[in-house]
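Source file: my_file_35.cif (mmCIF, C-alpha atoms)
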```cif
data_query
loop_
_atom_site.label_atom_id
_atom_site.label_comp_id
_atom_site.auth_asym_id
_atom_site.auth_seq_id
_atom_site.Cartn_x
_atom_site.Cartn_y
_atom_site.Cartn_z
CA MET A 39 -112.62 4.53 -17.01
CA SER A 40 -113.56 7.53 -14.94
CA LEU A 41 -110.33 9.40 -15.76
CA TYR A 42 -111.51 9.39 -19.35
CA TYR A 43 -114.68 11.32 -18.44
CA LEU A 44 -112.82 13.61 -16.07
CA GLN A 45 -110.57 14.59 -18.95
CA LYS A 46 -113.50 14.79 -21.35
CA LEU A 47 -115.20 17.31 -19.09
CA LEU A 48 -112.03 19.43 -19.10
CA TYR A 49 -111.74 19.08 -22.87
CA HIS A 50 -115.29 20.43 -23.26
CA LEU A 51 -114.74 23.14 -20.67
CA ASN A 52 -111.55 24.29 -22.39
CA ARG A 53 -113.15 24.66 -25.81
CA GLU A 54 -116.93 25.10 -25.56
CA PRO A 55 -118.22 28.59 -24.63
CA SER A 56 -121.62 27.12 -23.64
CA VAL A 57 -119.98 24.75 -21.14
CA GLN A 58 -117.82 27.60 -19.85
CA ARG A 59 -120.94 29.72 -19.26
CA GLN A 60 -122.79 26.93 -17.44
CA PHE A 61 -119.73 26.08 -15.37
CA LYS A 62 -119.62 29.64 -14.02
CA THR A 63 -123.13 29.52 -12.59
CA ASP A 64 -123.79 25.80 -12.14
CA PRO A 65 -120.58 23.74 -11.92
CA ARG A 66 -122.36 20.82 -10.24
CA GLY A 67 -124.81 20.72 -13.13
CA VAL A 68 -121.93 20.39 -15.58
CA LEU A 69 -120.41 17.59 -13.50
CA GLU A 70 -123.69 15.64 -13.62
CA SER A 71 -123.26 15.14 -17.36
CA TYR A 72 -120.12 13.05 -16.84
CA ASP A 73 -119.56 9.69 -15.17
CA LEU A 74 -117.28 10.84 -12.34
CA THR A 75 -116.33 9.43 -8.94
CA ASP A 76 -116.97 11.48 -5.80
CA GLU A 77 -113.22 12.01 -5.45
CA GLU A 78 -113.04 13.46 -8.96
CA LYS A 79 -116.05 15.71 -8.38
CA GLN A 80 -114.57 17.07 -5.15
CA ALA A 81 -111.19 17.63 -6.79
CA LEU A 82 -112.85 19.66 -9.56
CA LEU A 83 -115.06 21.72 -7.28
CA LYS A 84 -112.45 22.57 -4.66
CA PRO A 85 -110.40 22.86 -6.97
CA ASP A 86 -107.60 20.49 -5.94
CA ILE A 87 -105.22 20.85 -8.89
CA GLY A 88 -102.68 18.56 -7.20
CA LEU A 89 -105.16 15.72 -6.87
CA LEU A 90 -106.37 16.14 -10.46
CA TYR A 91 -102.74 15.87 -11.52
CA VAL A 92 -102.14 12.75 -9.42
CA LEU A 93 -105.33 11.16 -10.78
CA GLY A 94 -103.67 11.34 -14.18
CA VAL A 95 -105.24 14.35 -15.90
CA ASN A 96 -103.08 15.27 -18.89
CA GLY A 97 -101.17 18.49 -18.19
CA GLN A 98 -102.29 20.01 -21.46
CA LEU A 99 -105.86 19.87 -20.19
CA LEU A 100 -105.07 20.65 -16.58
CA MET A 101 -103.04 23.82 -17.19
CA HIS A 102 -106.09 25.48 -18.72
CA TYR A 103 -108.34 24.48 -15.83
CA ALA A 104 -105.75 25.88 -13.42
CA ALA A 105 -105.66 29.13 -15.42
CA LEU A 106 -109.48 29.28 -15.39
CA LYS A 107 -109.29 28.95 -11.60
CA ASN A 108 -106.82 31.86 -11.50
CA PHE A 109 -103.68 29.87 -10.72
CA ALA A 110 -100.63 31.82 -11.85
CA TRP A 111 -98.10 29.68 -13.72
CA ASP A 112 -95.77 29.13 -10.76
CA ASP A 113 -98.73 28.34 -8.49
CA TYR A 114 -99.95 25.74 -10.98
CA ILE A 115 -96.53 24.05 -11.00
CA GLU A 116 -96.36 24.14 -7.20
CA ALA A 117 -99.92 22.76 -6.88
CA MET A 118 -98.91 19.67 -8.88
CA ARG A 119 -95.80 19.16 -6.72
CA GLU A 120 -97.92 19.53 -3.61
CA GLY A 121 -100.34 16.97 -5.01
CA VAL A 122 -97.54 14.43 -5.34
CA ARG A 123 -96.35 15.17 -1.79
CA GLN A 124 -99.86 14.74 -0.43
CA TYR A 125 -101.30 11.89 -2.52
CA GLY A 126 -98.26 10.07 -3.90
CA PRO A 127 -97.09 9.48 -7.47
CA VAL A 128 -99.26 10.08 -10.52
CA ARG A 129 -101.56 7.08 -10.96
CA ALA A 130 -102.17 7.06 -14.71
CA GLY A 131 -101.29 8.70 -18.01
CA ILE A 132 -98.04 10.09 -19.42
CA TYR A 133 -97.52 13.18 -17.26
CA ALA A 134 -95.83 11.60 -14.24
CA MET A 135 -93.32 13.74 -12.35
CA VAL A 136 -89.69 12.70 -12.92
CA GLU A 137 -86.43 13.29 -11.07
CA GLU A 138 -84.42 16.26 -12.30
CA MET B 223 -95.36 23.13 -58.44
CA PRO B 224 -92.50 21.55 -56.56
CA LEU B 225 -92.62 22.32 -52.87
CA VAL B 226 -91.06 25.74 -52.24
CA PHE B 227 -90.31 25.72 -48.52
CA ALA B 228 -90.04 23.26 -45.63
CA GLY B 229 -88.93 23.85 -42.08
CA ILE B 230 -89.45 23.19 -38.40
CA CYS B 231 -90.02 25.41 -35.40
CA SER B 232 -91.03 25.30 -31.76
CA HIS B 233 -94.57 26.08 -30.67
CA ALA B 234 -94.43 26.21 -26.86
CA PRO B 235 -96.92 28.73 -25.43
CA GLY B 236 -94.27 30.07 -23.06
CA ILE B 237 -92.40 31.53 -26.04
CA VAL B 238 -95.20 34.10 -26.21
CA ASN B 239 -97.00 34.11 -22.87
CA ARG B 240 -93.91 33.93 -20.66
CA ALA B 241 -91.84 36.17 -22.96
CA ASP B 242 -90.95 38.51 -20.12
CA ARG B 243 -89.48 35.76 -17.96
CA ALA B 244 -86.61 34.71 -20.18
CA ASP B 245 -83.25 36.45 -20.58
CA PRO B 246 -84.16 39.25 -23.06
CA ALA B 247 -81.07 38.65 -25.21
CA ARG B 248 -81.84 34.96 -25.65
CA ARG B 249 -85.53 35.68 -26.27
CA ASP B 250 -84.72 38.31 -28.87
CA ALA B 251 -82.27 35.99 -30.63
CA LEU B 252 -85.03 33.37 -30.88
CA TYR B 253 -87.52 35.95 -32.17
CA ALA B 254 -84.94 37.07 -34.74
CA ALA B 255 -84.58 33.46 -35.90
CA TYR B 256 -88.36 33.17 -36.33
CA ASP B 257 -88.23 36.36 -38.34
CA ARG B 258 -85.43 35.02 -40.51
CA MET B 259 -87.65 31.99 -41.16
CA ARG B 260 -90.58 34.29 -41.96
CA ARG B 261 -88.51 36.18 -44.53
CA ALA B 262 -87.04 33.03 -46.07
CA MET B 263 -90.51 31.55 -46.47
CA ALA B 264 -91.95 34.80 -47.89
CA ASP B 265 -89.10 34.96 -50.43
CA THR B 266 -90.36 31.68 -51.91
CA LYS B 267 -93.76 33.37 -52.56
CA PRO B 268 -95.98 30.57 -51.25
CA ASP B 269 -99.69 30.46 -52.11
CA ALA B 270 -100.44 28.61 -48.88
CA LEU B 271 -98.72 27.34 -45.76
CA VAL B 272 -99.34 23.83 -44.48
CA VAL B 273 -98.70 23.68 -40.73
CA VAL B 274 -98.11 20.16 -39.42
CA GLY B 275 -98.75 20.60 -35.73
CA ALA B 276 -99.22 18.43 -32.71
CA GLU B 277 -102.20 19.88 -30.93
CA HIS B 278 -103.13 19.32 -27.31
CA PHE B 279 -106.80 18.28 -27.11
CA GLY B 280 -108.01 21.47 -28.74
CA ASN B 281 -110.10 19.72 -31.38
CA PHE B 282 -109.39 16.02 -31.05
CA PHE B 283 -110.11 13.84 -28.04
CA MET B 284 -109.84 10.18 -27.18
CA ASN B 285 -113.46 9.50 -28.18
CA ASN B 286 -112.36 9.61 -31.82
CA MET B 287 -108.69 10.42 -32.14
CA PRO B 288 -107.24 10.74 -35.63
CA ALA B 289 -103.61 9.69 -36.00
CA PHE B 290 -103.36 12.17 -38.89
CA ALA B 291 -105.70 14.99 -39.86
CA ILE B 292 -105.83 17.86 -42.36
CA GLY B 293 -108.15 20.85 -42.25
CA MET B 294 -110.53 21.66 -45.09
CA ALA B 295 -112.11 25.06 -44.51
CA ASP B 296 -111.98 28.61 -45.83
CA GLN B 297 -111.57 29.97 -42.34
CA TYR B 298 -110.31 28.81 -38.95
CA ASP B 299 -110.28 30.24 -35.43
CA GLY B 300 -107.56 30.63 -32.87
CA PRO B 301 -106.21 30.59 -30.35
CA LEU B 302 -108.36 28.07 -28.53
CA GLU B 303 -106.75 29.13 -25.27
CA ASP B 304 -107.93 32.11 -23.28
CA GLU B 305 -106.51 35.06 -25.23
CA GLU B 306 -105.27 36.79 -22.11
CA TRP B 307 -103.47 33.63 -21.02
CA MET B 308 -102.06 32.97 -24.49
CA ARG B 309 -101.33 36.65 -25.16
CA ILE B 310 -102.50 36.20 -28.72
CA LYS B 311 -105.80 37.85 -29.67
CA ARG B 312 -108.61 35.56 -30.78
CA ARG B 313 -109.13 35.92 -34.52
CA LYS B 314 -110.16 34.34 -37.78
CA VAL B 315 -107.34 32.72 -39.76
CA PRO B 316 -107.70 32.36 -43.53
CA GLY B 317 -107.80 28.91 -45.11
CA ASN B 318 -108.54 27.61 -48.58
CA ARG B 319 -111.11 24.84 -48.62
CA GLU B 320 -110.78 24.03 -52.27
CA LEU B 321 -107.00 23.78 -52.14
CA SER B 322 -107.23 21.69 -48.96
CA GLU B 323 -109.59 19.27 -50.66
CA ARG B 324 -107.23 18.73 -53.58
CA LEU B 325 -104.28 18.29 -51.24
CA ILE B 326 -106.23 15.82 -49.09
CA GLN B 327 -107.24 13.79 -52.13
CA GLY B 328 -103.59 13.59 -53.10
CA VAL B 329 -102.40 12.59 -49.62
CA MET B 330 -105.12 9.92 -49.47
CA GLN B 331 -103.43 8.13 -52.35
CA GLU B 332 -100.75 7.07 -49.89
CA ALA B 333 -101.86 7.76 -46.32
CA ASP B 334 -105.05 7.56 -44.28
CA LEU B 335 -106.22 10.68 -42.57
CA SER B 336 -109.21 12.53 -41.20
CA TYR B 337 -110.39 15.73 -42.82
CA CYS B 338 -111.75 18.54 -40.67
CA GLU B 339 -114.14 21.29 -41.75
CA GLU B 340 -113.81 22.96 -38.36
CA TRP B 341 -110.62 23.65 -36.47
CA THR B 342 -109.78 26.01 -33.65
CA PHE B 343 -106.01 26.34 -33.57
CA ASP B 344 -104.26 25.97 -30.24
CA HIS B 345 -100.71 27.10 -29.51
CA ALA B 346 -99.30 24.34 -31.77
CA ILE B 347 -100.32 26.46 -34.76
CA MET B 348 -100.96 29.93 -33.30
CA VAL B 349 -97.51 30.44 -31.77
CA PRO B 350 -95.72 29.76 -35.08
CA LEU B 351 -98.24 31.88 -37.05
CA ASN B 352 -97.76 34.70 -34.57
CA PHE B 353 -94.18 34.95 -35.86
CA LEU B 354 -94.35 33.60 -39.42
CA THR B 355 -97.53 35.21 -40.78
CA PRO B 356 -98.11 38.05 -38.31
CA ASP B 357 -100.53 39.78 -40.70
CA TYR B 358 -102.53 36.57 -41.23
CA ASP B 359 -102.48 37.19 -44.97
CA LEU B 360 -101.49 33.70 -46.14
CA ALA B 361 -103.93 30.78 -46.50
CA ILE B 362 -103.23 28.13 -43.88
CA VAL B 363 -103.82 24.41 -44.29
CA PRO B 364 -103.64 22.90 -40.80
CA ALA B 365 -102.49 19.33 -40.34
CA ASN B 366 -102.11 17.34 -37.17
CA ILE B 367 -100.27 14.29 -35.95
CA ASN B 368 -101.53 12.85 -32.67
CA CYS B 369 -98.56 13.13 -30.30
CA GLN B 370 -100.61 13.55 -27.15
CA GLY B 371 -102.95 10.62 -26.56
CA PRO B 372 -101.37 7.16 -27.00
CA PRO B 373 -101.52 4.90 -28.88
CA LEU B 374 -99.55 7.08 -31.28
CA ALA B 375 -98.72 6.37 -34.90
CA PRO B 376 -95.21 4.89 -35.17
CA LEU B 377 -92.44 7.18 -36.40
CA HIS B 378 -92.21 5.53 -39.79
CA ARG B 379 -95.85 6.47 -40.38
CA ALA B 380 -95.06 10.10 -39.57
CA TRP B 381 -92.30 9.89 -42.18
CA ALA B 382 -94.73 8.32 -44.65
CA PHE B 383 -97.28 11.05 -43.94
CA GLY B 384 -94.64 13.63 -44.86
CA GLN B 385 -93.86 11.77 -48.05
CA ALA B 386 -97.54 11.56 -48.96
CA LEU B 387 -97.84 15.32 -48.37
CA ARG B 388 -94.84 15.94 -50.60
CA HIS B 389 -96.11 13.82 -53.46
CA ALA B 390 -99.52 15.50 -53.23
CA ALA B 391 -98.04 19.00 -52.97
CA ASP B 392 -95.74 18.53 -55.96
CA LYS B 393 -98.73 17.68 -58.17
CA LEU B 394 -100.64 20.87 -57.33
CA PRO B 395 -100.21 24.06 -59.39
CA GLU B 396 -99.87 26.13 -56.18
CA ARG B 397 -96.61 26.98 -54.47
CA LEU B 398 -96.77 25.33 -51.05
CA ALA B 399 -94.71 25.91 -47.94
CA VAL B 400 -94.84 23.31 -45.17
CA ILE B 401 -93.64 23.57 -41.58
CA GLY B 402 -93.63 21.10 -38.71
CA THR B 403 -94.14 22.51 -35.21
CA GLY B 404 -93.34 20.90 -31.90
CA GLY B 405 -90.79 20.36 -29.25
CA ILE B 406 -87.87 18.00 -28.99
CA SER B 407 -87.23 16.95 -25.39
CA HIS B 408 -89.56 18.67 -22.93
CA TRP B 409 -91.89 17.97 -20.04
CA PRO B 410 -94.54 20.64 -20.64
CA ALA B 411 -97.38 21.53 -18.28
CA SER B 412 -95.97 19.20 -15.64
CA PRO B 413 -94.02 19.77 -12.42
CA ASN B 414 -90.91 19.29 -14.57
CA SER B 415 -91.82 22.13 -16.89
CA GLY B 416 -88.52 23.72 -17.92
CA LYS B 417 -86.56 20.46 -17.92
CA ILE B 418 -84.75 20.05 -21.25
CA ASN B 419 -82.34 17.30 -22.31
CA GLU B 420 -80.04 19.43 -24.42
CA ALA B 421 -77.69 16.60 -25.43
CA TRP B 422 -80.64 14.53 -26.67
CA ASP B 423 -81.99 17.52 -28.59
CA ARG B 424 -78.67 18.24 -30.27
CA GLU B 425 -78.29 14.61 -31.34
CA PHE B 426 -81.83 14.62 -32.76
CA LEU B 427 -81.18 17.87 -34.67
CA LYS B 428 -77.94 16.45 -36.06
CA ARG B 429 -79.93 13.53 -37.46
CA TRP B 430 -82.62 15.93 -38.72
CA ALA B 431 -80.11 18.19 -40.50
CA ALA B 432 -78.52 15.14 -42.15
CA ASN B 433 -82.03 13.94 -43.05
CA ASP B 434 -80.91 10.52 -41.89
CA ARG B 435 -84.04 8.39 -42.15
CA ALA B 436 -82.70 5.32 -40.36
CA ALA B 437 -81.25 7.35 -37.50
CA MET B 438 -84.45 9.29 -36.96
CA LEU B 439 -86.72 6.29 -37.11
CA SER B 440 -84.54 4.36 -34.65
CA TYR B 441 -86.02 6.08 -31.59
CA THR B 442 -88.52 3.99 -29.63
CA ASP B 443 -91.34 5.68 -27.72
CA ALA B 444 -90.07 4.08 -24.49
CA ASP B 445 -86.62 5.62 -25.00
CA THR B 446 -88.11 8.96 -26.00
CA TYR B 447 -90.38 9.06 -22.95
CA ARG B 448 -87.47 8.29 -20.64
CA GLU B 449 -84.93 10.63 -22.23
CA ALA B 450 -87.11 13.36 -23.71
CA GLY B 451 -90.37 13.28 -21.78
CA GLN B 452 -93.92 13.09 -23.04
CA GLY B 453 -93.22 16.25 -25.03
CA GLY B 454 -90.62 14.29 -26.99
CA PHE B 455 -93.39 12.40 -28.75
CA GLU B 456 -93.78 15.56 -30.85
CA ILE B 457 -90.66 14.63 -32.85
CA ARG B 458 -93.27 13.10 -35.17
CA THR B 459 -93.96 16.53 -36.69
CA PHE B 460 -90.24 17.15 -37.33
CA ILE B 461 -89.87 13.65 -38.79
CA ALA B 462 -92.81 14.30 -41.12
CA ILE B 463 -90.87 17.27 -42.52
CA SER B 464 -87.86 14.97 -43.02
CA GLY B 465 -90.01 12.57 -45.00
CA LEU B 466 -91.44 15.49 -46.93
CA ALA B 467 -87.93 16.63 -47.91
CA GLU B 468 -86.38 13.18 -48.31
CA GLY B 469 -82.94 13.34 -49.88
CA VAL B 470 -82.44 17.01 -48.99
CA PRO B 471 -80.40 18.09 -45.97
CA GLY B 472 -81.59 20.66 -43.49
CA GLU B 473 -79.93 23.46 -41.61
CA ILE B 474 -80.51 24.38 -37.98
CA TRP B 475 -80.74 28.16 -37.77
CA HIS B 476 -81.37 28.32 -34.05
CA TYR B 477 -81.33 26.13 -30.98
CA ASP B 478 -81.39 27.40 -27.42
CA ALA B 479 -82.59 25.48 -24.38
CA ILE B 480 -84.54 28.31 -22.75
CA ARG B 481 -85.84 26.93 -19.48
CA ASP B 482 -88.46 29.65 -19.03
CA PHE B 483 -89.99 28.68 -22.37
CA SER B 484 -90.04 24.99 -21.34
CA VAL B 485 -88.44 23.77 -24.55
CA GLY B 486 -85.23 23.79 -26.56
CA CYS B 487 -86.26 26.57 -28.94
CA THR B 488 -85.59 25.44 -32.49
CA ILE B 489 -85.70 26.88 -36.00
CA GLY B 490 -84.63 24.67 -38.91
CA VAL B 491 -85.02 24.89 -42.67
CA MET B 492 -84.69 22.28 -45.40
CA LYS B 493 -82.39 23.23 -48.28
CA LEU B 494 -84.93 22.67 -51.02
CA PRO B 495 -83.88 23.93 -54.49
CA ALA B 496 -86.76 26.45 -54.58
CA THR B 497 -85.80 27.80 -51.15
CA MET B 498 -82.10 28.09 -51.99
CA SER B 499 -82.74 29.93 -55.27
CA ALA B 500 -85.34 32.32 -53.82
#
```
Rewrite the structure of this file - the entire thing - as structure tokens.
Amino acid sequence: MSLYYLQKLLYHLNREPSVQRQFKTDPRGVLESYDLTDEEKQALLKPDIGLLYVLGVNGQLLMHYAALKNFAWDDYIEAMREGVRQYGPVRAGIYAMVEE
Amino acid sequence: MPLVFAGICSHAPGIVNRADRADPARRDALYAAYDRMRRAMADTKPDALVVVGAEHFGNFFMNNMPAFAIGMADQYDGPLEDEEWMRIKRRKVPGNRELSERLIQGVMQEADLSYCEEWTFDHAIMVPLNFLTPDYDLAIVPANINCQGPPLAPLHRAWAFGQALRHAADKLPERLAVIGTGGISHWPASPNSGKINEAWDREFLKRWAANDRAAMLSYTDADTYREAGQGGFEIRTFIAISGLAEGVPGEIWHYDAIRDFSVGCTIGVMKLPATMSA
């Protein structure tokens, strides 16, 4: 169920100015409020957009986190592809990469 | 008053925030089609615009996810996204709480829904408004169909939601316009962003223009996911407009699979009597 809380954190971060402010100065403090695995915490802090994608984070949440972390659009797309190369196929959710 | 206007349009953020990446001629033709829709809607002199969108975790999350929702406030905010990213300035958008409440009471006669006294519009509503009410001078009633976090309401419920909206709207004294916003086939915000199944889109739009209930409700989510991607689940908003305008055919004013905008860009209008005589 951890993916649920990982996505919930991003949902709050995307929409709540108070969470956005705290995340700037104390990201670890924000993370403590959610039931996350160590792998998820590391992926957020690094940030490892590719791993977050492979873990199953919905792209509609992830694209805003990537933008917050200053990923240009093409870099965001490439980070997800790199994630699949490095960690394998998407493990959950409806945003799996498909063949073109 | 009988419903005065019904239509569908795309809402992909790329249409605005990646405007400079597409072929200018194709972009401008799409923008011209939005503007034609804006003028056609304005000619029907609506008192309010109901926008049936498919938002993306802007206001609703899996802790308490409504299958259907309608806003009930005098004022909304948007866009939810970073305004520099979205390239639409953050602003207040006018609503009409009292009208919303009457509409909601009417819809509740036939369909279950959540009402929302707060709503920050994401691109599902802000991209269409950016083109259709650029002066933000028309009261907006936001509505949402969950197309993002399964389990999703089946297609026949999206149709029924549209019908409930129609029956409620027809009983109000106000002149209402209603649009559905979403994509047809697309794989947004994924490594496949830009992939579009044009043949699938054109078949869907043929069914939409014919307002062929059986043909539109025959899609399964498994087929849609395989052929049209997770973005294809948003056909629910277009199907709601079909239910809303049952018995009336539609017309596709624009379709162009613009890869840089990550969606087959669509403008369609239902040939309602009030629209045709305006």
Practice task
Find the distance between CA of Gln124 in chain A and CA of Gly416 in chain B and write it in Å to one decimal.
Solution key: 22.7 Å
Practice task
May I ask for the distance between CA of Gly453 in chain B and CA of Ile326 in chain B, given in Å to one decimal place?
Solution key: 27.4 Å
Exercise for the section: Name all residues at most 9 Å from range 56-66 of chain A (count all atoms listed in the file; drop same-chain ones fewer than 5 positions away) and give them as JSON, numbers by chain. Expected result: {"A": [50, 51, 79, 83]}
Exercise for the section: Give as number ranges by chain the residues that the PyMOL selection byres ((chain A and resi 137) around 12) matches when applied to the coordinates above. Expected result: A: 119, 127, 134-136, 138; B: 409, 413-415, 417, 448-449, 451
Practice task
Tell me which residues the PyMOL selection byres ((chain A) within 7 of (chain B)) grabs here, as JSON, numbers by chain.
Solution key: {"A": [49, 53, 97, 98, 101, 115, 118, 119, 132, 133, 135, 136]}
Exercise for the section: Work out how far CA of Leu439 in chain B is from CA of His378 in chain B, in Å to one decimal. Expected result: 6.2 Å
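Non-sequential neighbours of Leu44 in chain A (distance at most 8 Å, separation of 4 or more positions within a chain, all atoms listed in the file) are Ser40, Leu48, Tyr72, Asp73, Leu74, Glu78 and Val95 of chain A.
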